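Visitor: Please find data-v9.txt (compact mmCIF, N, CA and C atoms) on the next line:
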```txt
# COMPACT_ATOMS: atom_id res chain seq x y z
N MET A 11 -40.25 109.82 -43.89
CA MET A 11 -39.20 110.43 -44.67
C MET A 11 -38.54 111.49 -43.81
N ARG A 12 -37.24 111.53 -43.93
CA ARG A 12 -36.49 112.61 -43.30
C ARG A 12 -35.68 113.30 -44.38
N PHE A 13 -35.52 114.61 -44.21
CA PHE A 13 -34.67 115.29 -45.16
C PHE A 13 -33.98 116.49 -44.52
N LEU A 14 -32.81 116.78 -45.08
CA LEU A 14 -32.08 118.00 -44.78
C LEU A 14 -32.18 118.84 -46.04
N ALA A 15 -32.53 120.11 -45.89
CA ALA A 15 -32.62 121.01 -47.04
C ALA A 15 -31.63 122.14 -46.84
N TRP A 16 -30.78 122.33 -47.82
CA TRP A 16 -29.76 123.37 -47.78
C TRP A 16 -29.96 124.31 -48.96
N HIS A 17 -29.98 125.60 -48.67
CA HIS A 17 -29.99 126.61 -49.72
C HIS A 17 -28.54 126.75 -50.18
N VAL A 18 -28.27 126.45 -51.44
CA VAL A 18 -26.89 126.41 -51.91
C VAL A 18 -26.65 127.39 -53.06
N ASP A 19 -25.44 127.91 -53.07
CA ASP A 19 -24.96 128.68 -54.22
C ASP A 19 -24.60 127.72 -55.35
N ARG A 20 -24.07 126.54 -54.94
CA ARG A 20 -23.57 125.58 -55.91
C ARG A 20 -23.62 124.17 -55.30
N PHE A 21 -23.97 123.20 -56.13
CA PHE A 21 -23.96 121.80 -55.73
C PHE A 21 -23.43 120.97 -56.90
N GLU A 22 -22.44 120.12 -56.60
CA GLU A 22 -21.94 119.18 -57.60
C GLU A 22 -21.91 117.79 -57.00
N CYS A 23 -22.45 116.85 -57.72
CA CYS A 23 -22.46 115.44 -57.34
C CYS A 23 -21.78 114.68 -58.47
N ARG A 24 -20.79 113.88 -58.12
CA ARG A 24 -20.07 113.08 -59.11
C ARG A 24 -20.15 111.62 -58.68
N ILE A 25 -20.79 110.78 -59.49
CA ILE A 25 -20.92 109.36 -59.19
C ILE A 25 -19.55 108.71 -59.25
N THR A 26 -19.24 107.92 -58.20
CA THR A 26 -17.93 107.27 -58.14
C THR A 26 -18.01 105.76 -58.29
N GLU A 27 -18.99 105.13 -57.65
CA GLU A 27 -19.12 103.67 -57.77
C GLU A 27 -20.49 103.23 -57.30
N ARG A 28 -20.84 102.02 -57.68
CA ARG A 28 -22.12 101.43 -57.29
C ARG A 28 -22.17 101.30 -55.76
N GLY A 29 -23.34 101.62 -55.19
CA GLY A 29 -23.53 101.49 -53.75
C GLY A 29 -23.91 100.08 -53.36
N ARG A 30 -24.34 99.91 -52.12
CA ARG A 30 -24.69 98.59 -51.60
C ARG A 30 -26.14 98.18 -51.89
N SER A 31 -26.93 99.11 -52.37
CA SER A 31 -28.34 98.82 -52.64
C SER A 31 -28.49 97.83 -53.79
N PRO A 32 -29.47 96.92 -53.68
CA PRO A 32 -29.73 96.02 -54.80
C PRO A 32 -30.39 96.75 -55.97
N LEU A 33 -30.94 97.92 -55.71
CA LEU A 33 -31.59 98.73 -56.75
C LEU A 33 -30.66 99.89 -57.09
N VAL A 34 -30.31 99.99 -58.36
CA VAL A 34 -29.43 101.05 -58.83
C VAL A 34 -30.06 101.65 -60.08
N GLU A 35 -30.26 102.98 -60.06
CA GLU A 35 -30.83 103.65 -61.23
C GLU A 35 -29.73 103.98 -62.23
N GLU A 36 -30.06 103.85 -63.50
CA GLU A 36 -29.13 104.22 -64.56
C GLU A 36 -29.03 105.75 -64.63
N TYR A 37 -27.98 106.23 -65.25
CA TYR A 37 -27.80 107.67 -65.41
C TYR A 37 -27.17 107.95 -66.76
N ASP A 38 -27.38 109.16 -67.27
CA ASP A 38 -26.78 109.58 -68.53
C ASP A 38 -25.44 110.25 -68.31
N ASP A 39 -25.36 111.04 -67.26
CA ASP A 39 -24.14 111.81 -66.98
C ASP A 39 -23.76 111.56 -65.52
N PRO A 40 -22.52 111.20 -65.24
CA PRO A 40 -22.12 110.94 -63.86
C PRO A 40 -22.00 112.20 -63.00
N VAL A 41 -22.14 113.37 -63.62
CA VAL A 41 -21.99 114.63 -62.89
C VAL A 41 -23.28 115.42 -62.92
N THR A 42 -23.71 115.87 -61.76
CA THR A 42 -24.82 116.80 -61.64
C THR A 42 -24.24 118.09 -61.08
N LEU A 43 -24.44 119.19 -61.78
CA LEU A 43 -23.93 120.49 -61.34
C LEU A 43 -25.06 121.50 -61.42
N VAL A 44 -25.32 122.16 -60.28
CA VAL A 44 -26.43 123.11 -60.19
C VAL A 44 -25.96 124.35 -59.44
N GLU A 45 -26.42 125.49 -59.88
CA GLU A 45 -26.15 126.76 -59.20
C GLU A 45 -27.48 127.25 -58.61
N GLU A 46 -27.42 127.92 -57.47
CA GLU A 46 -28.59 128.54 -56.81
C GLU A 46 -29.78 127.59 -56.77
N ALA A 47 -29.83 126.79 -55.73
CA ALA A 47 -30.86 125.77 -55.63
C ALA A 47 -31.16 125.46 -54.17
N LEU A 48 -32.22 124.70 -53.99
CA LEU A 48 -32.52 124.10 -52.70
C LEU A 48 -32.12 122.63 -52.83
N LEU A 49 -31.10 122.23 -52.10
CA LEU A 49 -30.62 120.85 -52.11
C LEU A 49 -31.35 120.09 -51.01
N VAL A 50 -32.01 119.01 -51.37
CA VAL A 50 -32.76 118.19 -50.42
C VAL A 50 -32.12 116.81 -50.34
N LEU A 51 -31.48 116.54 -49.21
CA LEU A 51 -30.88 115.23 -48.94
C LEU A 51 -31.96 114.41 -48.25
N ALA A 52 -32.49 113.40 -48.94
CA ALA A 52 -33.71 112.73 -48.48
C ALA A 52 -33.50 111.24 -48.22
N SER A 53 -34.15 110.78 -47.16
CA SER A 53 -34.14 109.37 -46.80
C SER A 53 -35.57 108.89 -46.59
N VAL A 54 -35.94 107.84 -47.30
CA VAL A 54 -37.26 107.24 -47.13
C VAL A 54 -37.12 106.13 -46.11
N GLU A 55 -38.03 106.14 -45.12
CA GLU A 55 -37.92 105.22 -44.00
C GLU A 55 -38.95 104.09 -44.08
N ARG A 56 -38.72 103.08 -43.30
CA ARG A 56 -39.59 101.90 -43.30
C ARG A 56 -41.05 102.27 -43.04
N GLU A 57 -41.29 103.16 -42.10
CA GLU A 57 -42.69 103.53 -41.78
C GLU A 57 -43.39 104.23 -42.94
N ASP A 58 -42.66 104.80 -43.87
CA ASP A 58 -43.25 105.48 -45.02
C ASP A 58 -43.94 104.49 -45.97
N GLU A 59 -43.57 103.22 -45.87
CA GLU A 59 -44.13 102.21 -46.75
C GLU A 59 -45.63 102.01 -46.53
N SER A 60 -46.15 102.42 -45.37
CA SER A 60 -47.58 102.25 -45.09
C SER A 60 -48.44 103.24 -45.87
N ALA A 61 -47.87 104.37 -46.28
CA ALA A 61 -48.64 105.38 -47.02
C ALA A 61 -47.70 106.27 -47.84
N PRO A 62 -47.04 105.70 -48.84
CA PRO A 62 -46.06 106.47 -49.60
C PRO A 62 -46.62 107.71 -50.29
N GLU A 63 -47.87 107.63 -50.76
CA GLU A 63 -48.47 108.78 -51.43
C GLU A 63 -48.66 109.96 -50.47
N ARG A 64 -49.13 109.66 -49.26
CA ARG A 64 -49.33 110.73 -48.26
C ARG A 64 -48.00 111.34 -47.84
N VAL A 65 -47.00 110.50 -47.66
CA VAL A 65 -45.68 111.00 -47.27
C VAL A 65 -45.12 111.89 -48.37
N ALA A 66 -45.23 111.45 -49.62
CA ALA A 66 -44.73 112.24 -50.74
C ALA A 66 -45.46 113.58 -50.84
N ALA A 67 -46.78 113.56 -50.66
CA ALA A 67 -47.56 114.81 -50.74
C ALA A 67 -47.14 115.79 -49.65
N LYS A 68 -46.93 115.29 -48.45
CA LYS A 68 -46.49 116.15 -47.34
C LYS A 68 -45.09 116.71 -47.62
N ALA A 69 -44.20 115.87 -48.15
CA ALA A 69 -42.85 116.33 -48.49
C ALA A 69 -42.90 117.41 -49.56
N VAL A 70 -43.73 117.22 -50.57
CA VAL A 70 -43.88 118.23 -51.62
C VAL A 70 -44.33 119.56 -51.02
N ALA A 71 -45.31 119.51 -50.14
CA ALA A 71 -45.81 120.74 -49.52
C ALA A 71 -44.70 121.44 -48.73
N GLU A 72 -43.95 120.68 -47.93
CA GLU A 72 -42.87 121.26 -47.11
C GLU A 72 -41.77 121.85 -47.98
N ILE A 73 -41.34 121.09 -48.97
CA ILE A 73 -40.22 121.53 -49.81
C ILE A 73 -40.64 122.72 -50.67
N ALA A 74 -41.81 122.66 -51.27
CA ALA A 74 -42.28 123.77 -52.11
C ALA A 74 -42.44 125.05 -51.30
N ALA A 75 -42.96 124.94 -50.09
CA ALA A 75 -43.13 126.12 -49.23
C ALA A 75 -41.77 126.72 -48.87
N HIS A 76 -40.81 125.86 -48.57
CA HIS A 76 -39.48 126.36 -48.21
C HIS A 76 -38.81 127.00 -49.43
N ALA A 77 -38.93 126.37 -50.58
CA ALA A 77 -38.36 126.95 -51.81
C ALA A 77 -38.98 128.32 -52.09
N ALA A 78 -40.29 128.44 -51.90
CA ALA A 78 -40.97 129.72 -52.13
C ALA A 78 -40.47 130.78 -51.15
N SER A 79 -40.28 130.40 -49.90
CA SER A 79 -39.81 131.38 -48.90
C SER A 79 -38.40 131.86 -49.23
N LEU A 80 -37.63 131.02 -49.89
CA LEU A 80 -36.26 131.39 -50.28
C LEU A 80 -36.20 132.02 -51.67
N LYS A 81 -37.34 132.00 -52.37
CA LYS A 81 -37.42 132.48 -53.75
C LYS A 81 -36.47 131.69 -54.67
N VAL A 82 -36.47 130.37 -54.47
CA VAL A 82 -35.64 129.45 -55.25
C VAL A 82 -36.54 128.67 -56.20
N GLN A 83 -36.13 128.55 -57.45
CA GLN A 83 -36.92 127.84 -58.45
C GLN A 83 -36.41 126.43 -58.76
N THR A 84 -35.19 126.11 -58.30
CA THR A 84 -34.60 124.81 -58.61
C THR A 84 -34.42 124.00 -57.33
N VAL A 85 -34.88 122.75 -57.38
CA VAL A 85 -34.73 121.83 -56.25
C VAL A 85 -33.94 120.62 -56.74
N VAL A 86 -32.95 120.22 -55.95
CA VAL A 86 -32.19 119.00 -56.23
C VAL A 86 -32.61 117.97 -55.18
N LEU A 87 -33.15 116.85 -55.62
CA LEU A 87 -33.49 115.73 -54.72
C LEU A 87 -32.35 114.73 -54.78
N HIS A 88 -31.71 114.51 -53.65
CA HIS A 88 -30.55 113.62 -53.60
C HIS A 88 -30.81 112.54 -52.55
N PRO A 89 -30.88 111.26 -52.96
CA PRO A 89 -31.06 110.18 -51.98
C PRO A 89 -29.89 110.19 -50.99
N PHE A 90 -30.23 110.12 -49.71
CA PHE A 90 -29.18 110.25 -48.70
C PHE A 90 -29.56 109.43 -47.47
N ALA A 91 -29.22 108.16 -47.49
CA ALA A 91 -29.61 107.24 -46.43
C ALA A 91 -28.66 107.24 -45.24
N HIS A 92 -27.57 107.95 -45.31
CA HIS A 92 -26.48 107.79 -44.37
C HIS A 92 -26.73 108.27 -42.95
N LEU A 93 -27.72 109.10 -42.74
CA LEU A 93 -27.95 109.63 -41.39
C LEU A 93 -29.08 108.93 -40.65
N PHE A 94 -29.81 108.06 -41.31
CA PHE A 94 -31.03 107.57 -40.73
C PHE A 94 -31.04 106.05 -40.64
N GLY A 95 -31.63 105.52 -39.56
CA GLY A 95 -31.49 104.11 -39.25
C GLY A 95 -32.50 103.14 -39.84
N GLN A 96 -33.77 103.46 -39.86
CA GLN A 96 -34.80 102.51 -40.27
C GLN A 96 -35.19 102.77 -41.73
N LEU A 97 -34.32 102.41 -42.64
CA LEU A 97 -34.54 102.70 -44.05
C LEU A 97 -35.65 101.86 -44.66
N GLY A 98 -36.38 102.47 -45.59
CA GLY A 98 -37.38 101.75 -46.35
C GLY A 98 -36.71 100.91 -47.43
N ARG A 99 -37.49 100.04 -48.04
CA ARG A 99 -36.96 99.23 -49.13
C ARG A 99 -36.58 100.14 -50.30
N PRO A 100 -35.52 99.82 -51.01
CA PRO A 100 -35.08 100.67 -52.11
C PRO A 100 -36.17 100.97 -53.14
N ALA A 101 -36.97 99.99 -53.51
CA ALA A 101 -38.02 100.23 -54.51
C ALA A 101 -39.03 101.26 -54.02
N VAL A 102 -39.36 101.22 -52.74
CA VAL A 102 -40.29 102.20 -52.17
C VAL A 102 -39.62 103.57 -52.10
N ALA A 103 -38.36 103.59 -51.75
CA ALA A 103 -37.64 104.86 -51.68
C ALA A 103 -37.64 105.55 -53.04
N VAL A 104 -37.34 104.82 -54.08
CA VAL A 104 -37.34 105.40 -55.43
C VAL A 104 -38.75 105.86 -55.80
N GLN A 105 -39.74 105.06 -55.48
CA GLN A 105 -41.14 105.42 -55.76
C GLN A 105 -41.50 106.74 -55.09
N VAL A 106 -41.17 106.89 -53.82
CA VAL A 106 -41.49 108.11 -53.08
C VAL A 106 -40.73 109.30 -53.66
N LEU A 107 -39.45 109.11 -53.94
CA LEU A 107 -38.66 110.21 -54.50
C LEU A 107 -39.21 110.65 -55.86
N LYS A 108 -39.65 109.70 -56.67
CA LYS A 108 -40.25 110.05 -57.97
C LYS A 108 -41.56 110.82 -57.78
N MET A 109 -42.36 110.41 -56.79
CA MET A 109 -43.61 111.13 -56.52
C MET A 109 -43.32 112.55 -56.04
N VAL A 110 -42.30 112.71 -55.21
CA VAL A 110 -41.92 114.05 -54.75
C VAL A 110 -41.45 114.88 -55.95
N GLU A 111 -40.63 114.29 -56.79
CA GLU A 111 -40.15 114.98 -57.99
C GLU A 111 -41.33 115.47 -58.84
N GLU A 112 -42.26 114.58 -59.12
CA GLU A 112 -43.42 114.93 -59.94
C GLU A 112 -44.27 116.01 -59.27
N GLY A 113 -44.46 115.89 -57.96
CA GLY A 113 -45.26 116.88 -57.24
C GLY A 113 -44.62 118.26 -57.25
N LEU A 114 -43.31 118.32 -57.10
CA LEU A 114 -42.62 119.61 -57.13
C LEU A 114 -42.67 120.22 -58.53
N ARG A 115 -42.57 119.39 -59.55
CA ARG A 115 -42.70 119.89 -60.93
C ARG A 115 -44.10 120.46 -61.16
N ALA A 116 -45.10 119.78 -60.60
CA ALA A 116 -46.48 120.27 -60.73
C ALA A 116 -46.66 121.62 -60.03
N GLN A 117 -45.79 121.92 -59.07
CA GLN A 117 -45.82 123.22 -58.38
C GLN A 117 -45.06 124.29 -59.17
N GLY A 118 -44.51 123.91 -60.33
CA GLY A 118 -43.81 124.87 -61.18
C GLY A 118 -42.32 124.98 -60.92
N LEU A 119 -41.77 124.06 -60.11
CA LEU A 119 -40.35 124.10 -59.80
C LEU A 119 -39.55 123.26 -60.80
N THR A 120 -38.31 123.65 -61.02
CA THR A 120 -37.38 122.84 -61.79
C THR A 120 -36.79 121.83 -60.81
N VAL A 121 -36.83 120.55 -61.15
CA VAL A 121 -36.38 119.51 -60.23
C VAL A 121 -35.32 118.64 -60.91
N ILE A 122 -34.24 118.43 -60.18
CA ILE A 122 -33.18 117.52 -60.61
C ILE A 122 -33.09 116.45 -59.53
N ARG A 123 -33.26 115.19 -59.94
CA ARG A 123 -33.16 114.09 -58.98
C ARG A 123 -31.93 113.27 -59.33
N THR A 124 -30.99 113.18 -58.40
CA THR A 124 -29.79 112.39 -58.66
C THR A 124 -30.15 110.91 -58.56
N PRO A 125 -29.43 110.05 -59.30
CA PRO A 125 -29.79 108.63 -59.33
C PRO A 125 -29.55 107.91 -58.01
N PHE A 126 -30.45 106.99 -57.72
CA PHE A 126 -30.44 106.19 -56.50
C PHE A 126 -29.45 105.03 -56.65
N GLY A 127 -28.75 104.72 -55.55
CA GLY A 127 -27.96 103.51 -55.48
C GLY A 127 -26.47 103.66 -55.76
N TRP A 128 -25.98 104.88 -55.74
CA TRP A 128 -24.58 105.13 -56.07
C TRP A 128 -23.85 105.86 -54.95
N PHE A 129 -22.57 105.57 -54.80
CA PHE A 129 -21.70 106.40 -53.98
C PHE A 129 -21.26 107.56 -54.86
N ASN A 130 -20.99 108.68 -54.24
CA ASN A 130 -20.62 109.85 -55.01
C ASN A 130 -19.83 110.84 -54.17
N THR A 131 -19.14 111.73 -54.85
CA THR A 131 -18.52 112.85 -54.16
C THR A 131 -19.51 114.00 -54.23
N LEU A 132 -19.52 114.80 -53.19
CA LEU A 132 -20.40 115.97 -53.14
C LEU A 132 -19.56 117.21 -52.89
N ASP A 133 -19.82 118.24 -53.67
CA ASP A 133 -19.19 119.53 -53.46
C ASP A 133 -20.35 120.51 -53.25
N ILE A 134 -20.44 121.04 -52.03
CA ILE A 134 -21.56 121.88 -51.66
C ILE A 134 -21.05 123.23 -51.20
N LYS A 135 -21.57 124.29 -51.81
CA LYS A 135 -21.29 125.64 -51.32
C LYS A 135 -22.63 126.18 -50.82
N ALA A 136 -22.82 126.08 -49.50
CA ALA A 136 -24.09 126.46 -48.89
C ALA A 136 -24.08 127.92 -48.46
N LYS A 137 -25.24 128.50 -48.49
CA LYS A 137 -25.41 129.87 -48.00
C LYS A 137 -25.38 129.85 -46.47
N GLY A 138 -25.32 131.03 -45.86
CA GLY A 138 -25.18 131.09 -44.41
C GLY A 138 -26.26 131.89 -43.70
N HIS A 139 -27.42 132.06 -44.30
CA HIS A 139 -28.49 132.81 -43.64
C HIS A 139 -29.31 131.90 -42.72
N PRO A 140 -30.18 132.46 -41.89
CA PRO A 140 -30.90 131.66 -40.88
C PRO A 140 -31.76 130.52 -41.43
N LEU A 141 -32.26 130.61 -42.64
CA LEU A 141 -33.10 129.55 -43.22
C LEU A 141 -32.34 128.69 -44.22
N SER A 142 -31.02 128.82 -44.25
CA SER A 142 -30.24 128.11 -45.27
C SER A 142 -30.14 126.61 -45.01
N ARG A 143 -30.41 126.17 -43.80
CA ARG A 143 -30.36 124.73 -43.49
C ARG A 143 -31.52 124.38 -42.57
N ILE A 144 -32.35 123.45 -43.03
CA ILE A 144 -33.45 122.97 -42.19
C ILE A 144 -33.49 121.45 -42.24
N ALA A 145 -34.06 120.85 -41.22
CA ALA A 145 -34.28 119.41 -41.18
C ALA A 145 -35.76 119.17 -40.94
N ARG A 146 -36.30 118.14 -41.58
CA ARG A 146 -37.71 117.79 -41.40
C ARG A 146 -37.84 116.28 -41.32
N SER A 147 -38.82 115.86 -40.53
CA SER A 147 -39.19 114.47 -40.45
C SER A 147 -40.68 114.39 -40.76
N ILE A 148 -41.03 113.58 -41.75
CA ILE A 148 -42.42 113.48 -42.20
C ILE A 148 -42.84 112.02 -42.04
N SER A 149 -44.01 111.83 -41.47
CA SER A 149 -44.51 110.46 -41.35
C SER A 149 -45.90 110.36 -41.96
N ALA A 150 -46.33 109.14 -42.21
CA ALA A 150 -47.66 108.92 -42.77
C ALA A 150 -48.72 109.47 -41.82
N ILE A 151 -48.50 109.38 -40.53
CA ILE A 151 -49.46 109.90 -39.56
C ILE A 151 -49.56 111.40 -39.66
N ASP A 152 -48.41 112.07 -39.70
CA ASP A 152 -48.39 113.54 -39.85
C ASP A 152 -49.03 113.95 -41.16
N ALA A 153 -48.84 113.13 -42.20
CA ALA A 153 -49.30 113.49 -43.53
C ALA A 153 -50.82 113.45 -43.66
N GLU A 154 -51.51 112.81 -42.73
CA GLU A 154 -52.97 112.71 -42.82
C GLU A 154 -53.65 114.03 -42.50
N ALA A 155 -52.98 114.90 -41.78
CA ALA A 155 -53.59 116.17 -41.37
C ALA A 155 -53.81 117.10 -42.53
```
Take the structure in this file and express it as structure tokens.
Guide:
Amino acid sequence: MRFLAWHVDRFECRITERGRSPLVEEYDDPVTLVEEALLVLASVEREDESAPERVAAKAVAEIAAHAASLKVQTVVLHPFAHLFGQLGRPAVAVQVLKMVEEGLRAQGLTVIRTPFGWFNTLDIKAKGHPLSRIARSISAIDAEA
């Protein structure tokens, strides 16, 4: 799994049309709007399929620790396959994202997960401090430690 995490003042996602994925999650509202959050743009990769639970647990630990360091209580998980080449199967990606969502909730965080499989517009107002943008790559091998 790879992710970019941005500390944001504001994040808005508006679903525009169905994406190319054969798996598309239903949604109640086409708009997600959040103030003061940690936005996590996440991509599940093919190698994550060997140990999705370990990858999800490692992601939860990384994201929760970063949220705590920023004193942020809300995390937005947004599927974002556009930067990464060896994508996992959509069903596994959704499974891992759901596990991360559940794990972060168990850590006491408020979690909003945008639906998988859609194109959307993004409006991001990111903060500008030294920890406001980080990138992480997590693998099943790293997750065993």
Visitor: For Asp19 of chain A, which of A:Ala66, A:Ala136, A:Val121, A:Leu97 is the closest residue, counting only C-alpha atoms?
Guide: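 Counting only C-alpha atoms, the residue closest to Asp19 of chain A is A:Ala136.
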Visitor: So which residues touch Trp128 of chain A within 5 Å, counting all atoms listed in the file, skipping near sequence neighbours fewer than 5 positions away, as a CSV table (one decimal) with N, CA and C atoms, in the coordinates of the input?
Guide:
```
chain,number,residue,atom,x,y,z
A,27,GLU,N,-19.0,105.1,-57.6
A,27,GLU,CA,-19.1,103.7,-57.8
A,27,GLU,C,-20.5,103.2,-57.3
A,28,ARG,N,-20.8,102.0,-57.7
A,28,ARG,CA,-22.1,101.4,-57.3
A,28,ARG,C,-22.2,101.3,-55.8
A,29,GLY,N,-23.3,101.6,-55.2
A,29,GLY,CA,-23.5,101.5,-53.8
A,29,GLY,C,-23.9,100.1,-53.4
```
Visitor: What does the distance between atom CA of Gly98 of chain A and atom C of Leu33 of chain A come to in Å, to one decimal place?
Guide: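 Going from atom CA of Gly98 of chain A over to atom C of Leu33 of chain A covers 12.8 Å.
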Visitor: Within 6 Å of (-33.6, 120.8, -45.9) (file coordinates; all atoms listed in the file), which protein or nucleic acid residues are there? I'd like them as a PyMOL selection string.
Guide: chain A and resi 13-16+49-51+143-146
Visitor: Using the selection just defined, write its residues with N, CA and C atoms as a short mmCIF file (atom, residue, chain, number, x, y, z; two decimals), keeping the file's coordinate frame.
Guide:
```
data_model
loop_
_atom_site.label_atom_id
_atom_site.label_comp_id
_atom_site.auth_asym_id
_atom_site.auth_seq_id
_atom_site.Cartn_x
_atom_site.Cartn_y
_atom_site.Cartn_z
N PHE A 13 -35.52 114.61 -44.21
CA PHE A 13 -34.67 115.29 -45.16
C PHE A 13 -33.98 116.49 -44.52
N LEU A 14 -32.81 116.78 -45.08
CA LEU A 14 -32.08 118.00 -44.78
C LEU A 14 -32.18 118.84 -46.04
N ALA A 15 -32.53 120.11 -45.89
CA ALA A 15 -32.62 121.01 -47.04
C ALA A 15 -31.63 122.14 -46.84
N TRP A 16 -30.78 122.33 -47.82
CA TRP A 16 -29.76 123.37 -47.78
C TRP A 16 -29.96 124.31 -48.96
N LEU A 49 -31.10 122.23 -52.10
CA LEU A 49 -30.62 120.85 -52.11
C LEU A 49 -31.35 120.09 -51.01
N VAL A 50 -32.01 119.01 -51.37
CA VAL A 50 -32.76 118.19 -50.42
C VAL A 50 -32.12 116.81 -50.34
N LEU A 51 -31.48 116.54 -49.21
CA LEU A 51 -30.88 115.23 -48.94
C LEU A 51 -31.96 114.41 -48.25
N ARG A 143 -30.41 126.17 -43.80
CA ARG A 143 -30.36 124.73 -43.49
C ARG A 143 -31.52 124.38 -42.57
N ILE A 144 -32.35 123.45 -43.03
CA ILE A 144 -33.45 122.97 -42.19
C ILE A 144 -33.49 121.45 -42.24
N ALA A 145 -34.06 120.85 -41.22
CA ALA A 145 -34.28 119.41 -41.18
C ALA A 145 -35.76 119.17 -40.94
N ARG A 146 -36.30 118.14 -41.58
CA ARG A 146 -37.71 117.79 -41.40
C ARG A 146 -37.84 116.28 -41.32
#
```
Visitor: Residues at most 7 Å from segment 102-117 of chain A, counting all atoms listed in the file, excluding those fewer than 3 positions away in the same chain, as a VMD selection string?
Guide: chain A and resid 53 to 55 59 62 to 63 66 to 67 69 to 70 74 98 to 99 120 to 121
Visitor: Record the distance separating atom CA of Pro32 of chain A and atom CA of Val85 of chain A, expressed in Å with one decimal.
Guide: 26.3 Å
